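Worksheet for the structure shown next.
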Amino acid sequence: MLAVSFKIFVVLAVVFSVLLPLALLLERRHHAVLRERIGSSREGIDPDVSVWEFLRPLGSALWLLVAPAPGAEGPHRLLRELAPSLAFVSALLGLAMIPFGVGPYLFGESRVSMIVADLDWGILGVSVALGFSQLADVLASWANGSSPARLAALQGSLRMLAGAVALLLSSLGLILCAGSLGLSEIVSGQDSDFRVFGLLEVVSGAGTLSPWLAWLRLPAWGVFLQPLGFVLVLRCAWLATSRPGPVLHQGARPEAEALRSGAFLTAAYLERIVWASAIVALFLGGGGIPYIDQATIIAFVAQAYGEGFATGFTMLVHGGAFFAKVAALVAVLTFAHGRFEAPAYERGMNEVGRFLLPLALLNSLLTALVLVWWDGMQA
Amino acid sequence: MIPIEHVVVFAGLLFVIGAAGVIIRRNALILLMCVQLMMAASTLVLVAFARLHGEPHGQVLAVLAIVVMAAQAAIGLGVLVAFFRGRETLDVEEARELKW
Amino acid sequence: MTEILFYGFAALVLVGAIGMLFNERNVAVAGFSFVGSMVAIGAIYVLLDAVFVAALQVVFHAGALAVVLALAGTMLEPRRAPVGSAGRLGTSVMAGVIALLGFAALAQLLSAGYPEIAEIPEGFGSVRSLGQLLLSDSVLAFEFVALLLLSVSVGVVVLARQEAD
């Protein structure tokens with residue numbers, strides 16, 4: 001119980017004090033520059049980040065907790081009050097099923113894993129949490145009785161749902177490679193590397209190819225095993241996470257309750273972070289360091305400082321690597337949203353249905369055929 | 001461990017609530033949910049007996065039942081939307097004609 | 001502990017189901033109490049060592065069905081909400097009698113008693129064990145469900161398509 005609480009605390013602390021502020025900062029400061037939409041305060045536009053900037057979302061969240069709600073009316077008051085927390089809860093549930101490190105870390109007898117809820121169907125859970133996360137907007141706008149916001153929320157919800165389904169189908173090939181639905185198993189399976197020409201040797205049956213090619217190795221990450229799946233998932237993430245703008249005051253009346261509106265926007269950025277974490281865990285090796293696997297780091301550090309310290313150090317390194325990768329991916333998503341206009345709702349859904357899903361199915365079919373054939377070769 | 005008898009009785013109660021809903025309610029959406037409730041009750045019994053005998057076969061059946069439930073909900077809602085489009089109501093009492 | 005949790009979740013399920021039944025005017029509220037009771041049933045599955053079934057239950061009901069219900073409940077606002085059960089007293093009485101008979105039969109069955117609750121092996125109810133059974137012992141049912149899903153996806157498209165006239 002204590003360990004789980006500690007993990008939850010660490011995850012919340014990192015997400016709310018580093019990742020979320022980073023996403024907001026990228027959006028607020030750099031988008032303006034990127035889209036040449038510099039406001040009246042041209043002088044302060046340079047990205048000179050003060051430390052206090054990072055604490056601002058935390059302060060806003062605290063204020064949201066204690067601020068008195070403006071007089072709510074209407075028959076669906078409860079739904080309206082609950083909706084922002086529903087948005088946060090479903091995004092955080094997705095985050096809870098994603099491992100922030102690599103494999104189990106052994107401290108003597110006890111096994112420690114850097115995941116809040118280690119489930120053997122983790123990827124299913126992440127996909128559902130993502131699909132569910134936009135429902136809060138539908139609820140809030142419906143409870144408020146505002147039709148345009150409801151239409152926007154419905155479209156956003158359906159887009160997120162389609163994206164989540166496409167995420168699951170696009171990573172089907174990867175699931176086949178890893179042989180597990182559990183994210184911790186998928187991640188620890190990626191903590192190694194493989195020879196690029198190993199496949200060719202087995203196919204040709206010629207034994208080892210020229211030894212000077214043996215140094216050419218790649219990390220066994222999903223992105224190298226399933227390049228098509230990675231591209232598809234990235235595209236899904238871009239389509240599913242719309243750029244939350246001031247137009248979509250999803251269900252909150254911004255003039256009366258800017259904070260509630262802000263909660264929905266913050267939840268939207270949190271969804272982007274969950275998408276990035278899922279992609280990192282699935283395709284970018286989680287917290288793994290390329291070419292240096294967990295055992296190597298532990299053995300190397302343990303020479304000087306002992307086993308326990310080495311394991312703890314490795315956990316820190318892996319966690320740092322994970323969050324660095326997630327931050328990079330969040331930045332990529334944010335910049336992509338800034339640079340390219342997201343397609344309109346119908347076009348986006350058309351793309352998912354007619355392009356991404358068939359390609360994902362084809363990818364998984366091909367992967368299954370190759371795997372069956374590979375098993376036949378090995379036997 | 002939970003006494004399996006209690007689970008079975010509870011599932012029976014749930015089934016009866018669902019069946020009662022199907023009989024007394026006229027809103028098609030509520031009807032659909034009541035049918036789902038009845039199916040969930042029977043799935044609960046499957047899972048309970050799987051636990052009683054320590055055999056996972058019951059759970060496999062429960063998985064299949066849940067998938068069937070999803071299919072049923074999809075078709076049910078499709079029918080419902082088509083019905084609503086024709087006459088702007090969800091009252092099953094109004095569904096008296098084959099064509100409109 | 002497990003018993004207390006079971007009774008708590010069972011009470012939640014019943015509250016949700018009854019809330020669904022008596023919120024006829026307000027379909028969205030009914031839908032959400034239904035989803036709540038379905039999630040509580042998922043919790044009972046966890047207590048019965050069926051973790052993956054619980055996951056699927058929550059996925060389908062809290063995920064898919066909740067979204068669909070939210071969409072339906074907020075989109076389909078009928079001009080007149082169908083309420084009440086006029087002229088159905090006889091049916092209701094009949095249903096009550098049948099339910100009582102059913103419970104009597106259930107009590108008869110239960111009085112025979114069940115065997116001891118079996119010990120469960122490691123990994124009971126995990127994805128792996130269920131998947132292996134699904135593709136070996138229950139493969140016929142699996143194929144039929146696949147067929148069903150195919151026909152459902154075709155059928156829903158046909159049903160939901162706008163008539164081109």
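For the structure tokens, the naming scheme is as follows: chains receive sequential letters (A, B, ...) according to their order of presentation, residues are indexed from 1 within each chain, and ligands are indexed from 1 in presentation order.
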Could you list, as a ChimeraX atom specification, every residue within 9 Å of region 63-65 of chain B, counting only C-alpha atoms and ignoring same-chain residues fewer than 6 positions away? /B:39-40,42-43 /C:52-53,56-57,130,141-142,145
Skipping near chain neighbours, those fewer than 5 positions away, what residues fall within 10 Å of region 71-73 of chain B using only C-alpha atoms, listed as an MDAnalysis selection string? (chainID B and resid 32:33 35:36 65:66 78:79) or (chainID C and resid 60:61 64:65 68:69 145 148:153 156)
Next, the residues of the selection above should be written as a tab-separated table (two decimals), in the first residue's frame with N, CA and C atoms.
```
chain	number	residue	atom	x	y	z
B	32	LEU	N	-33.49	-1.43	-23.30
B	32	LEU	CA	-32.20	-1.97	-23.73
B	32	LEU	C	-31.29	-2.20	-22.53
B	33	MET	N	-31.26	-1.22	-21.64
B	33	MET	CA	-30.39	-1.35	-20.46
B	33	MET	C	-30.86	-2.49	-19.56
B	35	VAL	N	-32.33	-5.25	-20.54
B	35	VAL	CA	-31.88	-6.51	-21.14
B	35	VAL	C	-30.40	-6.74	-20.83
B	36	GLN	N	-29.63	-5.66	-20.91
B	36	GLN	CA	-28.21	-5.77	-20.58
B	36	GLN	C	-28.03	-6.22	-19.13
B	65	ALA	N	-19.87	-14.07	-23.45
B	65	ALA	CA	-21.16	-13.44	-23.18
B	65	ALA	C	-21.04	-11.92	-23.21
B	66	ILE	N	-19.92	-11.42	-22.69
B	66	ILE	CA	-19.76	-9.96	-22.69
B	66	ILE	C	-19.63	-9.44	-24.12
B	78	GLY	N	-28.69	0.65	-32.81
B	78	GLY	CA	-28.91	0.95	-34.22
B	78	GLY	C	-30.39	0.94	-34.56
B	79	VAL	N	-31.08	-0.09	-34.08
B	79	VAL	CA	-32.53	-0.18	-34.30
B	79	VAL	C	-33.23	1.03	-33.69
C	60	PHE	N	-16.33	-2.74	-21.81
C	60	PHE	CA	-17.51	-2.68	-22.66
C	60	PHE	C	-18.59	-1.78	-22.08
C	61	HIS	N	-18.76	-1.85	-20.74
C	61	HIS	CA	-19.87	-1.10	-20.21
C	61	HIS	C	-19.50	0.31	-19.83
C	64	ALA	N	-17.36	1.49	-23.86
C	64	ALA	CA	-18.14	1.57	-25.08
C	64	ALA	C	-19.58	1.98	-24.82
C	65	LEU	N	-20.24	1.24	-23.91
C	65	LEU	CA	-21.66	1.48	-23.72
C	65	LEU	C	-21.92	2.86	-23.12
C	68	VAL	N	-21.74	5.32	-25.88
C	68	VAL	CA	-22.91	5.22	-26.75
C	68	VAL	C	-24.15	5.77	-26.05
C	69	LEU	N	-24.28	5.44	-24.75
C	69	LEU	CA	-25.45	5.93	-24.01
C	69	LEU	C	-25.41	7.44	-23.86
C	145	VAL	N	-18.66	-16.28	-32.36
C	145	VAL	CA	-18.70	-14.89	-31.91
C	145	VAL	C	-18.07	-13.98	-32.94
C	148	LEU	N	-20.59	-13.47	-35.51
C	148	LEU	CA	-21.61	-12.57	-34.99
C	148	LEU	C	-21.14	-11.13	-35.08
C	149	LEU	N	-19.89	-10.90	-34.67
C	149	LEU	CA	-19.39	-9.53	-34.69
C	149	LEU	C	-19.32	-8.98	-36.10
C	150	LEU	N	-18.94	-9.84	-37.04
C	150	LEU	CA	-18.90	-9.40	-38.43
C	150	LEU	C	-20.28	-8.98	-38.89
C	151	SER	N	-21.28	-9.85	-38.62
C	151	SER	CA	-22.63	-9.51	-39.08
C	151	SER	C	-23.16	-8.29	-38.35
C	152	VAL	N	-22.78	-8.13	-37.09
C	152	VAL	CA	-23.24	-6.96	-36.35
C	152	VAL	C	-22.67	-5.69	-36.95
C	153	SER	N	-21.37	-5.75	-37.31
C	153	SER	CA	-20.79	-4.51	-37.82
C	153	SER	C	-21.40	-4.14	-39.16
C	156	VAL	N	-25.10	-2.86	-38.29
C	156	VAL	CA	-25.20	-1.51	-37.72
C	156	VAL	C	-25.00	-0.45	-38.79
```
So which residues touch region 156-168 of chain A within 10 Å, counting only C-alpha atoms, skipping near sequence neighbours fewer than 3 positions away, as number ranges by chain? A: 123-124, 126-138, 150-153, 171-175, 229-230, 232-242, 244, 248, 250, 271, 275, 278-279, 345-346, 348-349, 352-353, 356-358, 360-361; C: 63-64, 67-68, 71
Env of Pro56 (chain B): 12 Å cut, atoms = only C-alpha atoms, seq-sep filter 2 positions within chain, self excluded. Answer as an NGL selection string. (:B and (46-54 or 58-63)) or (:C and (48-53 or 118 or 120-134 or 137-138))
Residues from last step as file, N, CA and C atoms, as a tab-separated table (two decimals), in the first residue's frame:
```tsv
chain	number	residue	atom	x	y	z
B	46	LEU	N	-22.13	-17.25	-14.15
B	46	LEU	CA	-21.06	-18.02	-14.80
B	46	LEU	C	-19.73	-17.83	-14.07
B	47	VAL	N	-19.41	-16.57	-13.78
B	47	VAL	CA	-18.13	-16.29	-13.12
B	47	VAL	C	-18.10	-16.89	-11.72
B	48	ALA	N	-19.26	-16.80	-11.03
B	48	ALA	CA	-19.31	-17.33	-9.67
B	48	ALA	C	-19.07	-18.84	-9.67
B	49	PHE	N	-19.67	-19.54	-10.63
B	49	PHE	CA	-19.48	-21.00	-10.66
B	49	PHE	C	-18.07	-21.35	-11.11
B	50	ALA	N	-17.48	-20.52	-11.98
B	50	ALA	CA	-16.09	-20.75	-12.34
B	50	ALA	C	-15.21	-20.69	-11.10
B	51	ARG	N	-15.51	-19.74	-10.22
B	51	ARG	CA	-14.73	-19.62	-8.99
B	51	ARG	C	-15.00	-20.80	-8.06
B	52	LEU	N	-16.26	-21.23	-8.03
B	52	LEU	CA	-16.62	-22.33	-7.13
B	52	LEU	C	-15.84	-23.60	-7.48
B	53	HIS	N	-15.76	-23.90	-8.77
B	53	HIS	CA	-15.10	-25.13	-9.16
B	53	HIS	C	-13.63	-24.94	-9.47
B	54	GLY	N	-13.15	-23.70	-9.44
B	54	GLY	CA	-11.76	-23.45	-9.78
B	54	GLY	C	-11.42	-23.77	-11.22
B	58	GLY	N	-15.78	-21.35	-17.16
B	58	GLY	CA	-16.88	-20.43	-16.93
B	58	GLY	C	-16.51	-19.01	-17.28
B	59	GLN	N	-15.26	-18.67	-16.98
B	59	GLN	CA	-14.81	-17.31	-17.29
B	59	GLN	C	-14.72	-17.11	-18.80
B	60	VAL	N	-14.31	-18.17	-19.52
B	60	VAL	CA	-14.25	-18.05	-20.98
B	60	VAL	C	-15.65	-17.78	-21.52
B	61	LEU	N	-16.63	-18.52	-20.98
B	61	LEU	CA	-18.02	-18.28	-21.40
B	61	LEU	C	-18.45	-16.86	-21.06
B	62	ALA	N	-18.01	-16.38	-19.90
B	62	ALA	CA	-18.37	-15.02	-19.51
B	62	ALA	C	-17.79	-14.00	-20.48
B	63	VAL	N	-16.54	-14.25	-20.90
B	63	VAL	CA	-15.93	-13.34	-21.89
B	63	VAL	C	-16.76	-13.32	-23.16
C	48	LEU	N	-14.24	-12.22	-7.33
C	48	LEU	CA	-14.39	-13.64	-7.66
C	48	LEU	C	-13.19	-14.14	-8.47
C	49	ASP	N	-12.06	-13.43	-8.42
C	49	ASP	CA	-10.82	-13.84	-9.08
C	49	ASP	C	-10.95	-13.93	-10.59
C	50	ALA	N	-11.79	-13.10	-11.18
C	50	ALA	CA	-11.90	-13.09	-12.63
C	50	ALA	C	-11.48	-11.71	-13.12
C	51	VAL	N	-10.18	-11.46	-13.08
C	51	VAL	CA	-9.70	-10.09	-13.31
C	51	VAL	C	-9.91	-9.67	-14.75
C	52	PHE	N	-9.64	-10.60	-15.68
C	52	PHE	CA	-9.76	-10.20	-17.08
C	52	PHE	C	-11.22	-10.02	-17.48
C	53	VAL	N	-12.09	-10.86	-16.95
C	53	VAL	CA	-13.52	-10.68	-17.22
C	53	VAL	C	-13.97	-9.33	-16.68
C	118	ALA	N	-13.30	-24.34	-4.44
C	118	ALA	CA	-12.05	-25.00	-4.79
C	118	ALA	C	-10.87	-24.05	-4.62
C	120	ILE	N	-7.69	-22.29	-6.13
C	120	ILE	CA	-7.42	-21.92	-7.52
C	120	ILE	C	-5.92	-21.91	-7.78
C	121	PRO	N	-5.54	-22.31	-9.01
C	121	PRO	CA	-4.12	-22.33	-9.34
C	121	PRO	C	-3.58	-20.93	-9.55
C	122	GLU	N	-2.27	-20.83	-9.66
C	122	GLU	CA	-1.62	-19.55	-9.97
C	122	GLU	C	-2.04	-19.08	-11.35
C	123	GLY	N	-2.30	-17.79	-11.48
C	123	GLY	CA	-2.66	-17.25	-12.79
C	123	GLY	C	-4.09	-17.57	-13.20
C	124	PHE	N	-4.96	-17.84	-12.23
C	124	PHE	CA	-6.36	-18.13	-12.53
C	124	PHE	C	-7.03	-16.85	-13.04
C	125	GLY	N	-7.64	-16.97	-14.20
C	125	GLY	CA	-8.35	-15.81	-14.74
C	125	GLY	C	-7.44	-14.80	-15.40
C	126	SER	N	-6.18	-15.17	-15.67
C	126	SER	CA	-5.30	-14.23	-16.35
C	126	SER	C	-5.59	-14.26	-17.85
C	127	VAL	N	-5.10	-13.27	-18.56
C	127	VAL	CA	-5.34	-13.18	-20.00
C	127	VAL	C	-4.82	-14.44	-20.69
C	128	ARG	N	-3.63	-14.89	-20.24
C	128	ARG	CA	-2.98	-16.01	-20.91
C	128	ARG	C	-3.82	-17.28	-20.81
C	129	SER	N	-4.29	-17.58	-19.58
C	129	SER	CA	-5.03	-18.84	-19.40
C	129	SER	C	-6.35	-18.78	-20.18
C	130	LEU	N	-7.02	-17.63	-20.11
C	130	LEU	CA	-8.29	-17.52	-20.83
C	130	LEU	C	-8.08	-17.60	-22.33
C	131	GLY	N	-7.01	-16.96	-22.80
C	131	GLY	CA	-6.76	-16.98	-24.24
C	131	GLY	C	-6.47	-18.39	-24.73
C	132	GLN	N	-5.70	-19.14	-23.94
C	132	GLN	CA	-5.40	-20.51	-24.38
C	132	GLN	C	-6.66	-21.36	-24.44
C	133	LEU	N	-7.53	-21.19	-23.43
C	133	LEU	CA	-8.79	-21.95	-23.45
C	133	LEU	C	-9.65	-21.53	-24.63
C	134	LEU	N	-9.67	-20.21	-24.86
C	134	LEU	CA	-10.54	-19.66	-25.90
C	134	LEU	C	-10.16	-20.21	-27.26
C	137	ASP	N	-10.32	-25.18	-26.27
C	137	ASP	CA	-11.58	-25.84	-25.93
C	137	ASP	C	-12.78	-25.12	-26.52
C	138	SER	N	-12.74	-23.78	-26.49
C	138	SER	CA	-13.94	-23.03	-26.87
C	138	SER	C	-13.78	-22.41	-28.25
```
I'd like to know which residues of region 86-287 of chain A are helix (DSSP H, G or I) (by DSSP, run on the backbone); could you write them as JSON, numbers by chain? {"A": [86, 87, 88, 89, 90, 91, 92, 93, 94, 95, 96, 122, 123, 124, 125, 126, 127, 128, 129, 130, 131, 132, 135, 136, 137, 138, 139, 140, 141, 142, 143, 144, 147, 148, 149, 150, 151, 152, 153, 154, 155, 156, 157, 158, 159, 160, 161, 162, 163, 164, 165, 166, 167, 168, 169, 170, 172, 173, 174, 175, 176, 177, 178, 183, 184, 185, 186, 187, 188, 189, 198, 199, 200, 201, 202, 203, 204, 211, 212, 213, 222, 223, 224, 225, 227, 228, 229, 230, 231, 232, 233, 234, 235, 236, 237, 238, 239, 240, 258, 259, 260, 261, 262, 263, 264, 265, 266, 267, 268, 269, 270, 271, 272, 273, 274, 275, 276, 277, 278, 279, 280, 281, 282, 283]}
Counting only C-alpha atoms, what is within 8 Å of region 80-83 of chain B, bar same-chain residues fewer than 3 positions away, as a PDB file with N, CA and C atoms, in the first residue's frame?
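In the end it all went to result04.pdb:
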```pdb
ATOM      1  N   ALA B  28     -37.541   2.900 -24.841  1.00  0.00           N
ATOM      2  CA  ALA B  28     -36.744   1.867 -25.503  1.00  0.00           C
ATOM      3  C   ALA B  28     -35.315   1.810 -24.969  1.00  0.00           C
ATOM      4  N   LEU B  29     -34.754   2.959 -24.618  1.00  0.00           N
ATOM      5  CA  LEU B  29     -33.379   2.985 -24.116  1.00  0.00           C
ATOM      6  C   LEU B  29     -33.282   2.254 -22.774  1.00  0.00           C
ATOM      7  N   GLY B  76     -29.004  -3.084 -30.930  1.00  0.00           N
ATOM      8  CA  GLY B  76     -30.168  -2.482 -30.283  1.00  0.00           C
ATOM      9  C   GLY B  76     -30.180  -0.979 -30.480  1.00  0.00           C
ATOM     10  N   LEU B  77     -29.023  -0.355 -30.284  1.00  0.00           N
ATOM     11  CA  LEU B  77     -28.990   1.093 -30.444  1.00  0.00           C
ATOM     12  C   LEU B  77     -29.183   1.498 -31.898  1.00  0.00           C
ATOM     13  N   GLY B  86     -37.573   7.788 -37.465  1.00  0.00           N
ATOM     14  CA  GLY B  86     -38.866   7.752 -38.122  1.00  0.00           C
ATOM     15  C   GLY B  86     -39.931   8.538 -37.388  1.00  0.00           C
ATOM     16  N   ARG B  87     -39.935   8.498 -36.035  1.00  0.00           N
ATOM     17  CA  ARG B  87     -41.087   9.071 -35.339  1.00  0.00           C
ATOM     18  C   ARG B  87     -40.766   9.895 -34.108  1.00  0.00           C
ATOM     19  N   GLU B  88     -39.513  10.226 -33.899  1.00  0.00           N
ATOM     20  CA  GLU B  88     -39.164  11.203 -32.869  1.00  0.00           C
ATOM     21  C   GLU B  88     -39.642  10.810 -31.484  1.00  0.00           C
ATOM     22  N   THR B  89     -39.732   9.535 -31.216  1.00  0.00           N
ATOM     23  CA  THR B  89     -40.106   9.124 -29.871  1.00  0.00           C
ATOM     24  C   THR B  89     -39.344   7.850 -29.538  1.00  0.00           C
ATOM     25  N   LEU B  90     -39.234   7.567 -28.240  1.00  0.00           N
ATOM     26  CA  LEU B  90     -38.559   6.344 -27.815  1.00  0.00           C
ATOM     27  C   LEU B  90     -39.553   5.347 -27.221  1.00  0.00           C
TER      28      LEU B  90
ATOM     29  N   LEU C 159     -28.204  -0.254 -40.655  1.00  0.00           N
ATOM     30  CA  LEU C 159     -29.276   0.371 -39.880  1.00  0.00           C
ATOM     31  C   LEU C 159     -29.081   1.872 -39.768  1.00  0.00           C
ATOM     32  N   ALA C 160     -27.833   2.275 -39.537  1.00  0.00           N
ATOM     33  CA  ALA C 160     -27.599   3.683 -39.219  1.00  0.00           C
ATOM     34  C   ALA C 160     -27.468   4.546 -40.462  1.00  0.00           C
TER      35      ALA C 160
END
```
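Our summary of the geometry notes that CA of Met38 (chain C) is positioned 13.1 Å from CA of Phe15 (chain B).
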Of C:Ile18, C:Met94, C:Ile117, C:Val46, the one nearest to Leu5 (chain C) when counting only C-alpha atoms is C:Val46
